[in-house]
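Visitor: Sharing input26.txt (compact mmCIF, C-alpha atoms) below.
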# COMPACT_ATOMS: atom_id res chain seq x y z
CA MET A 1 5.01 8.66 -24.57
CA PRO A 2 2.44 8.41 -27.41
CA ASP A 3 0.79 11.61 -28.54
CA THR A 4 -2.19 12.54 -26.42
CA PRO A 5 -3.23 16.14 -25.78
CA PRO A 6 -1.71 16.95 -22.37
CA ALA A 7 -3.22 19.32 -19.90
CA SER A 8 -2.95 22.85 -21.29
CA SER A 9 0.08 24.92 -20.39
CA VAL A 10 -2.29 27.34 -18.66
CA THR A 11 -3.67 24.57 -16.44
CA SER A 12 -0.19 23.26 -15.69
CA ALA A 13 0.89 26.77 -14.74
CA VAL A 14 -2.04 27.06 -12.33
CA ILE A 15 -1.20 23.70 -10.74
CA SER A 16 2.44 24.71 -10.34
CA GLU A 17 1.49 28.13 -8.96
CA ILE A 18 -0.85 26.75 -6.30
CA VAL A 19 1.42 23.89 -5.22
CA ASP A 20 4.32 26.34 -4.92
CA LYS A 21 2.08 28.66 -2.91
CA TYR A 22 1.21 25.91 -0.45
CA ALA A 23 4.50 23.97 -0.54
CA ASP A 24 5.56 25.00 2.96
CA ASP A 25 2.08 24.23 4.28
CA LEU A 26 2.16 20.78 2.70
CA VAL A 27 5.52 20.00 4.28
CA ALA A 28 4.16 21.27 7.61
CA LEU A 29 1.12 19.03 7.20
CA ARG A 30 3.34 16.06 6.44
CA ARG A 31 5.39 16.76 9.57
CA ASP A 32 2.26 17.12 11.69
CA LEU A 33 0.92 13.79 10.43
CA HIS A 34 4.29 12.18 11.04
CA ALA A 35 4.34 13.46 14.60
CA HIS A 36 0.80 12.16 15.26
CA PRO A 37 0.55 8.79 13.48
CA GLU A 38 -2.55 6.64 13.78
CA LEU A 39 -2.93 2.91 13.21
CA SER A 40 -5.32 1.28 10.75
CA TRP A 41 -9.00 2.09 11.33
CA GLU A 42 -8.01 4.69 13.93
CA GLU A 43 -7.15 7.57 11.58
CA HIS A 44 -9.52 10.10 13.18
CA ARG A 45 -7.13 12.98 13.75
CA THR A 46 -5.55 12.40 10.34
CA SER A 47 -8.94 12.56 8.65
CA GLU A 48 -9.79 15.76 10.51
CA ALA A 49 -6.54 17.30 9.27
CA VAL A 50 -7.48 16.40 5.69
CA VAL A 51 -10.97 17.87 6.04
CA SER A 52 -9.61 21.02 7.65
CA ALA A 53 -7.18 21.53 4.77
CA LEU A 54 -9.79 21.03 2.03
CA GLU A 55 -13.11 22.27 3.40
CA GLY A 56 -12.53 25.91 2.47
CA ALA A 57 -11.40 25.13 -1.07
CA GLY A 58 -14.75 24.19 -2.56
CA TRP A 59 -14.61 20.42 -2.23
CA ASP A 60 -17.77 18.44 -1.49
CA ILE A 61 -16.56 16.33 1.43
CA ALA A 62 -18.03 13.07 2.77
CA ARG A 63 -16.94 10.98 5.74
CA PRO A 64 -17.92 7.33 5.15
CA GLN A 65 -19.00 5.51 8.28
CA GLY A 66 -16.05 3.44 9.43
CA GLY A 67 -13.30 5.79 8.32
CA GLY A 68 -11.70 7.72 5.50
CA VAL A 69 -12.57 10.83 3.55
CA ILE A 70 -14.06 11.18 0.06
CA ALA A 71 -14.02 14.61 -1.58
CA GLU A 72 -15.28 15.66 -5.01
CA ILE A 73 -15.14 18.77 -7.16
CA GLY A 74 -16.11 19.76 -10.70
CA HIS A 75 -18.99 19.15 -13.08
CA GLY A 76 -19.88 16.82 -15.94
CA ASP A 77 -19.88 13.12 -16.69
CA ARG A 78 -16.10 12.59 -16.76
CA LEU A 79 -14.75 11.50 -13.39
CA VAL A 80 -11.21 10.61 -12.30
CA ALA A 81 -10.17 9.49 -8.80
CA LEU A 82 -6.93 10.06 -6.89
CA ARG A 83 -6.06 7.96 -3.84
CA ALA A 84 -3.87 8.29 -0.75
CA ASP A 85 -3.67 6.07 2.33
CA LEU A 86 -3.83 7.42 5.89
CA ASP A 87 -2.55 4.83 8.35
CA ALA A 88 0.78 4.33 10.11
CA LEU A 89 2.54 1.19 11.33
CA PRO A 90 3.04 -0.36 14.78
CA VAL A 91 6.80 0.31 14.87
CA ASP A 92 8.96 2.69 16.88
CA ASP A 93 10.04 5.91 15.17
CA LEU A 94 13.84 6.01 15.17
CA ILE A 95 14.38 9.40 13.54
CA SER A 96 15.58 12.36 15.63
CA ASP A 97 13.84 15.21 13.80
CA PRO A 98 11.55 17.56 15.75
CA TRP A 99 8.56 15.98 13.99
CA ARG A 100 9.37 12.43 15.11
CA SER A 101 6.38 10.41 16.30
CA THR A 102 4.86 11.42 19.62
CA VAL A 103 3.00 8.10 19.83
CA PRO A 104 5.09 5.29 21.36
CA GLY A 105 5.28 2.25 19.11
CA VAL A 106 3.57 3.93 16.13
CA ALA A 107 5.28 5.58 13.16
CA HIS A 108 4.76 6.57 9.55
CA ALA A 109 7.34 4.07 8.35
CA CYS A 110 5.77 3.58 4.93
CA GLY A 111 5.39 7.18 3.81
CA HIS A 112 1.63 7.47 4.06
CA ASP A 113 2.10 10.90 5.61
CA VAL A 114 3.69 11.95 2.31
CA HIS A 115 0.88 10.34 0.30
CA THR A 116 -1.77 12.17 2.32
CA ALA A 117 -0.08 15.58 2.24
CA GLY A 118 0.61 15.17 -1.47
CA LEU A 119 -3.03 14.43 -2.23
CA VAL A 120 -4.14 17.42 -0.14
CA GLY A 121 -1.80 19.55 -2.25
CA ALA A 122 -3.27 18.12 -5.44
CA GLY A 123 -6.71 18.90 -4.07
CA LEU A 124 -5.83 22.54 -3.39
CA ALA A 125 -4.38 22.91 -6.89
CA LEU A 126 -7.36 21.26 -8.58
CA ALA A 127 -9.74 23.45 -6.63
CA GLU A 128 -8.10 26.52 -8.14
CA VAL A 129 -8.16 24.90 -11.58
CA ALA A 130 -11.91 24.46 -11.10
CA VAL A 131 -12.40 28.06 -9.90
CA ARG A 132 -10.70 29.31 -13.07
CA GLY A 133 -12.99 27.18 -15.25
CA LEU A 134 -10.18 24.94 -16.47
CA LEU A 135 -11.26 21.58 -14.99
CA PRO A 136 -12.77 19.45 -17.80
CA GLY A 137 -14.83 17.20 -15.54
CA ARG A 138 -14.90 15.94 -11.97
CA VAL A 139 -12.16 14.74 -9.65
CA ARG A 140 -12.71 12.57 -6.58
CA LEU A 141 -10.13 12.36 -3.81
CA LEU A 142 -9.99 9.08 -1.87
CA PHE A 143 -8.28 9.28 1.50
CA GLN A 144 -8.29 5.62 2.45
CA PRO A 145 -7.96 4.09 5.90
CA ALA A 146 -6.26 0.83 6.81
CA GLU A 147 -3.93 0.05 3.92
CA GLU A 148 -1.55 -1.72 6.29
CA VAL A 149 -3.97 -4.48 7.34
CA MET A 150 -5.47 -7.26 5.27
CA PRO A 151 -7.59 -7.21 3.20
CA GLY A 152 -7.20 -3.42 3.33
CA GLY A 153 -9.41 -0.37 3.61
CA ALA A 154 -9.75 -0.01 -0.16
CA LEU A 155 -12.66 -2.45 -0.01
CA HIS A 156 -14.29 -0.23 2.60
CA LEU A 157 -14.18 2.82 0.33
CA ILE A 158 -15.32 0.80 -2.68
CA SER A 159 -18.34 -0.39 -0.71
CA ALA A 160 -19.05 3.26 0.14
CA GLY A 161 -19.29 4.06 -3.57
CA ALA A 162 -15.85 5.59 -4.03
CA LEU A 163 -15.44 4.24 -7.56
CA GLU A 164 -18.96 4.80 -8.90
CA GLY A 165 -18.67 6.53 -12.26
CA VAL A 166 -14.85 6.64 -12.15
CA SER A 167 -13.00 6.15 -15.45
CA HIS A 168 -9.43 6.10 -14.04
CA VAL A 169 -7.90 5.96 -10.57
CA PHE A 170 -4.33 7.03 -9.82
CA GLY A 171 -2.02 6.76 -6.84
CA LEU A 172 1.60 7.18 -5.79
CA HIS A 173 3.68 5.21 -3.32
CA CYS A 174 6.94 6.34 -1.75
CA ASP A 175 10.06 4.60 -3.04
CA PRO A 176 13.11 5.32 -0.84
CA SER A 177 15.40 3.60 -3.35
CA LEU A 178 14.56 6.18 -6.02
CA ASP A 179 15.93 9.74 -6.00
CA VAL A 180 13.55 12.59 -5.35
CA GLY A 181 12.51 14.11 -8.67
CA ARG A 182 12.07 10.72 -10.29
CA ILE A 183 8.89 8.69 -10.68
CA GLY A 184 8.96 4.94 -11.28
CA LEU A 185 6.43 3.72 -13.86
CA ARG A 186 5.51 0.25 -14.98
CA GLU A 187 2.72 -0.98 -17.22
CA GLY A 188 1.19 -4.24 -16.01
CA PRO A 189 2.00 -5.92 -12.66
CA LEU A 190 3.62 -3.55 -10.17
CA THR A 191 3.24 -5.37 -6.84
CA GLY A 192 2.48 -8.89 -5.70
CA ALA A 193 -0.46 -10.51 -3.99
CA ALA A 194 -0.05 -10.77 -0.23
CA ASP A 195 -1.90 -13.10 2.16
CA SER A 196 -1.52 -13.87 5.86
CA LEU A 197 -0.94 -17.42 7.11
CA THR A 198 -1.03 -18.76 10.67
CA VAL A 199 -0.54 -22.44 11.52
CA ARG A 200 -1.32 -23.62 15.02
CA LEU A 201 -0.33 -27.18 15.97
CA ILE A 202 -1.86 -29.11 18.85
CA GLY A 203 -0.59 -32.46 20.10
CA LYS A 204 0.51 -34.59 23.02
CA GLY A 205 3.52 -33.12 24.80
CA GLY A 206 5.91 -34.64 27.28
CA HIS A 207 9.52 -34.95 28.37
CA THR A 208 12.29 -34.54 25.80
CA SER A 209 13.83 -37.81 27.05
CA ARG A 210 10.77 -39.70 25.77
CA PRO A 211 9.85 -38.15 22.39
CA HIS A 212 8.48 -41.51 21.22
CA LEU A 213 5.71 -41.18 23.81
CA THR A 214 4.71 -37.74 22.52
CA GLU A 215 3.70 -36.29 19.20
CA ASP A 216 6.87 -34.13 19.20
CA LEU A 217 5.04 -31.00 18.24
CA THR A 218 8.15 -28.83 18.04
CA PHE A 219 9.67 -31.14 15.44
CA ALA A 220 6.42 -31.08 13.46
CA LEU A 221 6.36 -27.29 13.64
CA GLY A 222 9.89 -27.21 12.22
CA LYS A 223 8.76 -29.38 9.35
CA VAL A 224 5.98 -26.93 8.50
CA ILE A 225 8.46 -24.04 8.62
CA THR A 226 10.93 -25.66 6.23
CA GLU A 227 8.85 -27.93 4.03
CA LEU A 228 5.89 -25.75 3.11
CA PRO A 229 7.97 -23.18 1.19
CA ALA A 230 9.99 -25.96 -0.46
CA ILE A 231 6.98 -27.99 -1.60
CA LEU A 232 5.12 -24.91 -2.88
CA SER A 233 8.07 -24.13 -5.12
CA ARG A 234 7.43 -27.46 -6.86
CA ARG A 235 3.64 -27.33 -6.96
CA LEU A 236 3.14 -23.84 -8.40
CA ASP A 237 4.55 -22.37 -11.60
CA PRO A 238 7.93 -20.84 -10.66
CA ARG A 239 7.04 -17.82 -12.78
CA ALA A 240 4.41 -17.00 -10.16
CA GLY A 241 7.20 -16.01 -7.77
CA VAL A 242 5.55 -17.58 -4.72
CA SER A 243 7.26 -16.71 -1.44
CA VAL A 244 6.33 -17.98 2.03
CA VAL A 245 8.25 -16.14 4.74
CA TRP A 246 7.68 -16.72 8.43
CA GLY A 247 7.75 -13.71 10.73
CA MET A 248 6.77 -15.32 14.03
CA VAL A 249 7.23 -18.74 15.66
CA ARG A 250 6.34 -19.65 19.20
CA ALA A 251 6.42 -22.98 21.02
CA GLY A 252 7.35 -24.18 24.48
CA SER A 253 8.79 -22.55 27.58
CA ALA A 254 11.49 -25.00 28.77
CA PRO A 255 14.34 -26.79 26.96
CA ASN A 256 13.42 -30.23 28.30
CA VAL A 257 9.66 -30.09 27.70
CA ILE A 258 7.96 -30.94 24.42
CA PRO A 259 4.99 -28.54 24.35
CA HIS A 260 1.44 -29.45 23.50
CA GLY A 261 0.93 -26.39 21.31
CA GLY A 262 2.85 -24.10 19.01
CA VAL A 263 2.24 -21.53 16.31
CA VAL A 264 4.01 -20.14 13.28
CA ALA A 265 2.79 -17.15 11.28
CA GLY A 266 3.94 -15.33 8.19
CA THR A 267 2.99 -14.07 4.76
CA VAL A 268 2.36 -15.72 1.43
CA ARG A 269 3.28 -13.53 -1.52
CA MET A 270 3.22 -14.10 -5.26
CA LEU A 271 3.43 -12.18 -8.50
CA ASP A 272 0.68 -13.99 -10.35
CA ALA A 273 -3.08 -13.54 -9.94
CA VAL A 274 -3.83 -17.09 -11.17
CA ALA A 275 -1.53 -18.62 -8.53
CA TRP A 276 -3.14 -16.33 -5.96
CA ALA A 277 -6.53 -17.86 -6.73
CA ASP A 278 -5.17 -21.39 -6.12
CA ALA A 279 -2.80 -20.79 -3.24
CA GLU A 280 -5.06 -21.12 -0.20
CA HIS A 281 -6.53 -24.51 -1.14
CA LEU A 282 -3.13 -25.93 -2.01
CA ILE A 283 -1.46 -24.63 1.16
CA ARG A 284 -4.14 -26.17 3.37
CA GLN A 285 -3.67 -29.51 1.63
CA LEU A 286 0.11 -29.38 1.99
CA ILE A 287 0.08 -28.52 5.69
CA THR A 288 -2.23 -31.44 6.39
CA ALA A 289 0.14 -33.76 4.53
CA ILE A 290 3.26 -32.37 6.23
CA VAL A 291 2.00 -32.91 9.78
CA ALA A 292 0.24 -36.24 9.16
CA PRO A 293 3.24 -38.46 10.15
CA TYR A 294 3.38 -36.78 13.58
CA SER A 295 -0.32 -37.19 14.46
CA VAL A 296 -0.63 -33.56 15.51
CA THR A 297 -3.66 -31.43 14.69
CA ALA A 298 -3.12 -28.42 12.45
CA GLU A 299 -5.40 -25.39 12.64
CA VAL A 300 -4.76 -23.20 9.62
CA THR A 301 -5.88 -19.58 9.44
CA TYR A 302 -5.44 -18.26 5.93
CA GLN A 303 -6.50 -14.69 5.26
CA ARG A 304 -6.57 -13.60 1.66
CA GLY A 305 -5.05 -10.16 1.63
CA VAL A 306 -4.65 -8.09 -1.50
CA PRO A 307 -4.39 -8.87 -5.21
CA PRO A 308 -1.46 -7.68 -7.31
CA VAL A 309 -1.50 -4.08 -8.48
CA VAL A 310 -1.75 -4.42 -12.27
CA ASN A 311 -1.40 -1.06 -13.98
CA HIS A 312 -3.74 -0.50 -16.90
CA GLU A 313 -1.97 0.37 -20.17
CA GLU A 314 -3.90 3.56 -20.98
CA SER A 315 -3.89 4.75 -17.38
CA THR A 316 -0.13 4.26 -17.14
CA ARG A 317 0.33 6.27 -20.32
CA LEU A 318 -1.81 9.12 -18.98
CA LEU A 319 0.02 9.08 -15.65
CA GLY A 320 3.29 9.22 -17.55
CA ILE A 321 2.14 12.33 -19.40
CA GLY A 322 1.27 13.90 -16.06
CA VAL A 323 4.77 13.11 -14.79
CA GLU A 324 6.33 14.66 -17.88
CA ASN A 325 4.29 17.83 -17.38
CA VAL A 326 5.92 18.16 -13.97
CA LEU A 327 9.40 16.68 -14.31
CA GLY A 328 10.06 16.62 -18.04
CA PRO A 329 10.59 13.67 -20.38
CA HIS A 330 13.25 12.13 -18.15
CA GLY A 331 11.22 12.44 -14.96
CA HIS A 332 9.89 8.89 -15.13
CA VAL A 333 12.00 5.75 -15.12
CA SER A 334 11.17 2.10 -15.49
CA THR A 335 10.54 0.27 -12.23
CA ALA A 336 10.39 -3.45 -11.42
CA GLN A 337 7.56 -5.50 -9.97
CA SER A 338 7.93 -6.24 -6.27
CA LEU A 339 6.42 -8.79 -3.91
CA GLY A 340 5.18 -6.04 -1.62
CA GLY A 341 1.42 -5.98 -1.09
CA GLU A 342 -0.68 -2.88 -1.76
CA ASP A 343 -4.47 -2.79 -1.52
CA PHE A 344 -4.64 -0.30 -4.39
CA GLY A 345 -4.98 -3.57 -6.31
CA TRP A 346 -8.61 -3.76 -5.19
CA PHE A 347 -9.32 -0.43 -6.91
CA LEU A 348 -7.75 -1.73 -10.12
CA ASP A 349 -9.91 -4.84 -9.92
CA SER A 350 -12.88 -2.50 -10.36
CA VAL A 351 -11.73 0.29 -12.71
CA PRO A 352 -8.70 1.04 -14.90
CA GLY A 353 -5.92 2.90 -13.16
CA ALA A 354 -2.24 3.07 -12.36
CA MET A 355 0.09 3.52 -9.42
CA ALA A 356 3.59 4.99 -9.69
CA ARG A 357 6.55 5.00 -7.34
CA LEU A 358 7.48 8.38 -5.90
CA GLY A 359 11.20 8.96 -5.45
CA THR A 360 11.95 10.06 -1.88
CA ARG A 361 15.72 9.54 -1.55
CA THR A 362 17.96 12.59 -1.38
CA SER A 363 20.31 12.41 -4.33
CA GLY A 364 23.62 11.04 -3.07
CA GLY A 365 22.08 10.23 0.28
CA ALA A 366 21.44 6.98 2.10
CA THR A 367 18.88 4.44 0.98
CA TYR A 368 16.32 3.44 3.60
CA ASP A 369 13.73 0.70 3.56
CA LEU A 370 9.98 0.87 3.99
CA HIS A 371 8.42 -0.45 7.20
CA GLN A 372 11.54 0.48 9.17
CA GLY A 373 11.55 3.04 11.96
CA ASN A 374 14.54 4.86 10.50
CA LEU A 375 12.81 5.67 7.18
CA ARG A 376 13.74 9.16 6.05
CA ILE A 377 11.96 11.09 3.32
CA ASP A 378 13.32 13.97 1.26
CA GLU A 379 10.49 16.44 1.82
CA ALA A 380 10.81 17.84 -1.70
CA ALA A 381 8.85 14.74 -2.68
CA THR A 382 5.64 16.10 -1.14
CA PRO A 383 4.97 19.00 -3.56
CA ILE A 384 6.14 16.80 -6.43
CA ALA A 385 3.49 14.26 -5.47
CA ALA A 386 0.87 17.02 -5.38
CA ARG A 387 1.73 18.28 -8.84
CA VAL A 388 1.97 14.81 -10.43
CA LEU A 389 -1.40 13.70 -9.05
CA ALA A 390 -3.12 16.92 -10.12
CA GLU A 391 -1.59 16.71 -13.61
CA ALA A 392 -2.60 13.07 -13.96
CA ALA A 393 -6.21 13.90 -13.13
CA VAL A 394 -6.44 16.78 -15.60
CA THR A 395 -4.62 14.80 -18.31
CA ALA A 396 -7.01 11.88 -17.93
CA LEU A 397 -10.06 14.15 -17.99
CA SER A 398 -8.76 15.96 -21.07
CA ALA A 399 -8.06 12.69 -22.89
CA ALA A 400 -11.64 11.56 -22.30
CA GLY A 401 -13.00 14.43 -24.34
If you convert what's in this file into structure tokens, what do you get?

Guide:
Amino acid sequence: MPDTPPASSVTSAVISEIVDKYADDLVALRRDLHAHPELSWEEHRTSEAVVSALEGAGWDIARPQGGGVIAEIGHGDRLVALRADLDALPVDDLISDPWRSTVPGVAHACGHDVHTAGLVGAGLALAEVAVRGLLPGRVRLLFQPAEEVMPGGALHLISAGALEGVSHVFGLHCDPSLDVGRIGLREGPLTGAADSLTVRLIGKGGHTSRPHLTEDLTFALGKVITELPAILSRRLDPRAGVSVVWGMVRAGSAPNVIPHGGVVAGTVRMLDAVAWADAEHLIRQLITAIVAPYSVTAEVTYQRGVPPVVNHEESTRLLGIGVENVLGPHGHVSTAQSLGGEDFGWFLDSVPGAMARLGTRTSGGATYDLHQGNLRIDEAATPIAARVLAEAAVTALSAAG
């Protein structure tokens, strides 16, 4: 990393001391959140847990109407923000630990319980840094609702003023393919854009023995499923990495009946922001052309989701220094861009910032995948997240001086 004055050794010692002091509490908080997951825009108990953990530590806490928590501490013109997301996913929890989800069909299968507990830990450490007169500015904590739905709760917090005056914003996201004790860093694009696409076809149905007297809607639906991804690959720059993947298809109820309606839904993902700007118009045109020979009507619902997360150069450097203060010079490793969507991209559309990947895999252990009910997290990642976020905030504030 280039030379920039890091947070002082005294400040780093305070951060380490406080996170160590509360490490068991942070793990307990993570387990409590895991056992009581809440879906997007319903994170009421989760928000109360955050407020309860921070309210006695000197943070000025606000609860924006509609969800989430914003907390601030410190003095002066310099302001850095740290973000965590609160919501869980509508999947069954398949782990057998005592803290498995108590809510049927809902689970923290993306690690947001770790993100939240880690940011609480950073908040407790930074509060003590402030008490000891070592905080060179202000820090704002953003506990964001609804990351798992499009276009994401980041826009909600931005509209509530979460980024006003902020010079840098930082976040972490669990990476179960990376060993605990390692942080994945990448300057520039980290994630892809992600949109939601639903195509509903309507046409004349009939008996499968007389397809020529119908509009053979099922056949037309199959054409949309196979041809749209293929044509897009020839109409957009292949370097954009465009991917259309269908997750749901539904049509008909009997093998000998051509239905009069059917629907297919999925996601549109890409690595490139320019392609993202053009994708919706092009996809609508292509679907109309694909179904035209079959005389069916296509109703297209295209919801723009989230832009790519593009890490700012200076912010990535400062975050890297924070990682080194915690894990040493080998604590961060290079990480690749993925097609996964993350609404942290909306924050980076407004202010410079960076997101890193938090290693959560036990060394030598199994690799799990995000958004799966069997996701397992090495809980040592939670205090690491707390220390890295706190160090990043102090490093960024110190560099601004």

Visitor: Just checking: using all atoms listed in the file, which residue out of A:Ala356, A:Leu124, A:Leu134, A:Ser243 ends up closest to A:Ser9?

Guide: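 Counting all atoms listed in the file, the residue closest to A:Ser9 is A:Leu134.
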
Visitor: Nearest to A:Gly111: which of A:Cys174, A:Leu26, A:Ala385, A:Ile18 is it, counting all atoms listed in the file?

Guide: A:Cys174

Visitor: Name the residues in contact with A:Thr267 at a cut-off of 6 Å, using all atoms listed in the file, excluding same-chain residues fewer than 2 positions from it; report them as a PDB file with C-alpha atoms, in the coordinates of the input.

Guide:
ATOM      1  CA  ASP A 195      -1.900 -13.100   2.160  1.00  0.00           C
ATOM      2  CA  SER A 196      -1.520 -13.870   5.860  1.00  0.00           C
ATOM      3  CA  LEU A 197      -0.940 -17.420   7.110  1.00  0.00           C
ATOM      4  CA  VAL A 244       6.330 -17.980   2.030  1.00  0.00           C
ATOM      5  CA  VAL A 245       8.250 -16.140   4.740  1.00  0.00           C
TER       6      VAL A 245
END

Visitor: Show me, as a VMD selection string, the residues that have an atom within 12 Å of A:Pro211 when counting all atoms listed in the file, minus same-chain residues fewer than 5 positions from it.

Guide: chain A and resid 204 to 206 216 to 220 256 to 259 294

Visitor: Would you mind listing what lies within 7 Å of A:Ser338 as an MDAnalysis selection string, with all atoms listed in the file counted and same-chain residues fewer than 6 positions away left out?

Guide: chainID A and resid 190:192

Visitor: Using atom CA of A:Val169 and atom CA of A:Ala390 as the two end points, give the distance in Å to one decimal.

Guide: 12.0 Å

Visitor: Leaving out stretch 99-104 of chain A and any residue of its chain fewer than 4 positions from it, which residues lie within 12 Å of it when counting all atoms listed in the file, given as a list in words?

Guide: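 Returned residues: Val27, Ala28, Leu29, Arg30, Arg31, Asp32, Leu33, His34, Ala35, His36, Pro37, Glu38, Leu39, Ala88, Leu89, Pro90, Val91, Asp92, Asp93, Leu94, Ile95, His108, Ala109, Asp113, Gly373, Asn374, Leu375 and Arg376 of chain A.
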
Visitor: Figure out the distance between atom CA of A:Asp343 and atom CA of A:Leu397, please, to one decimal in Å.

Guide: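 Separation between atom CA of A:Leu397 and atom CA of A:Asp343: 24.3 Å.
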
Visitor: In Å, with one decimal, what is the gap from atom CA of A:Gly305 to atom CA of A:Pro151?

Guide: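 These atoms are spaced 4.2 Å apart.
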
Visitor: Can you list, as a ChimeraX atom specification, every protein, DNA or RNA residue that comes within 10 Å of stretch 51-56 of chain A when you count all atoms listed in the file, leaving out same-chain residues fewer than 6 positions away?

Guide: /A:25-26,29,45,62-63,69-71,117,120-121,123-124,127
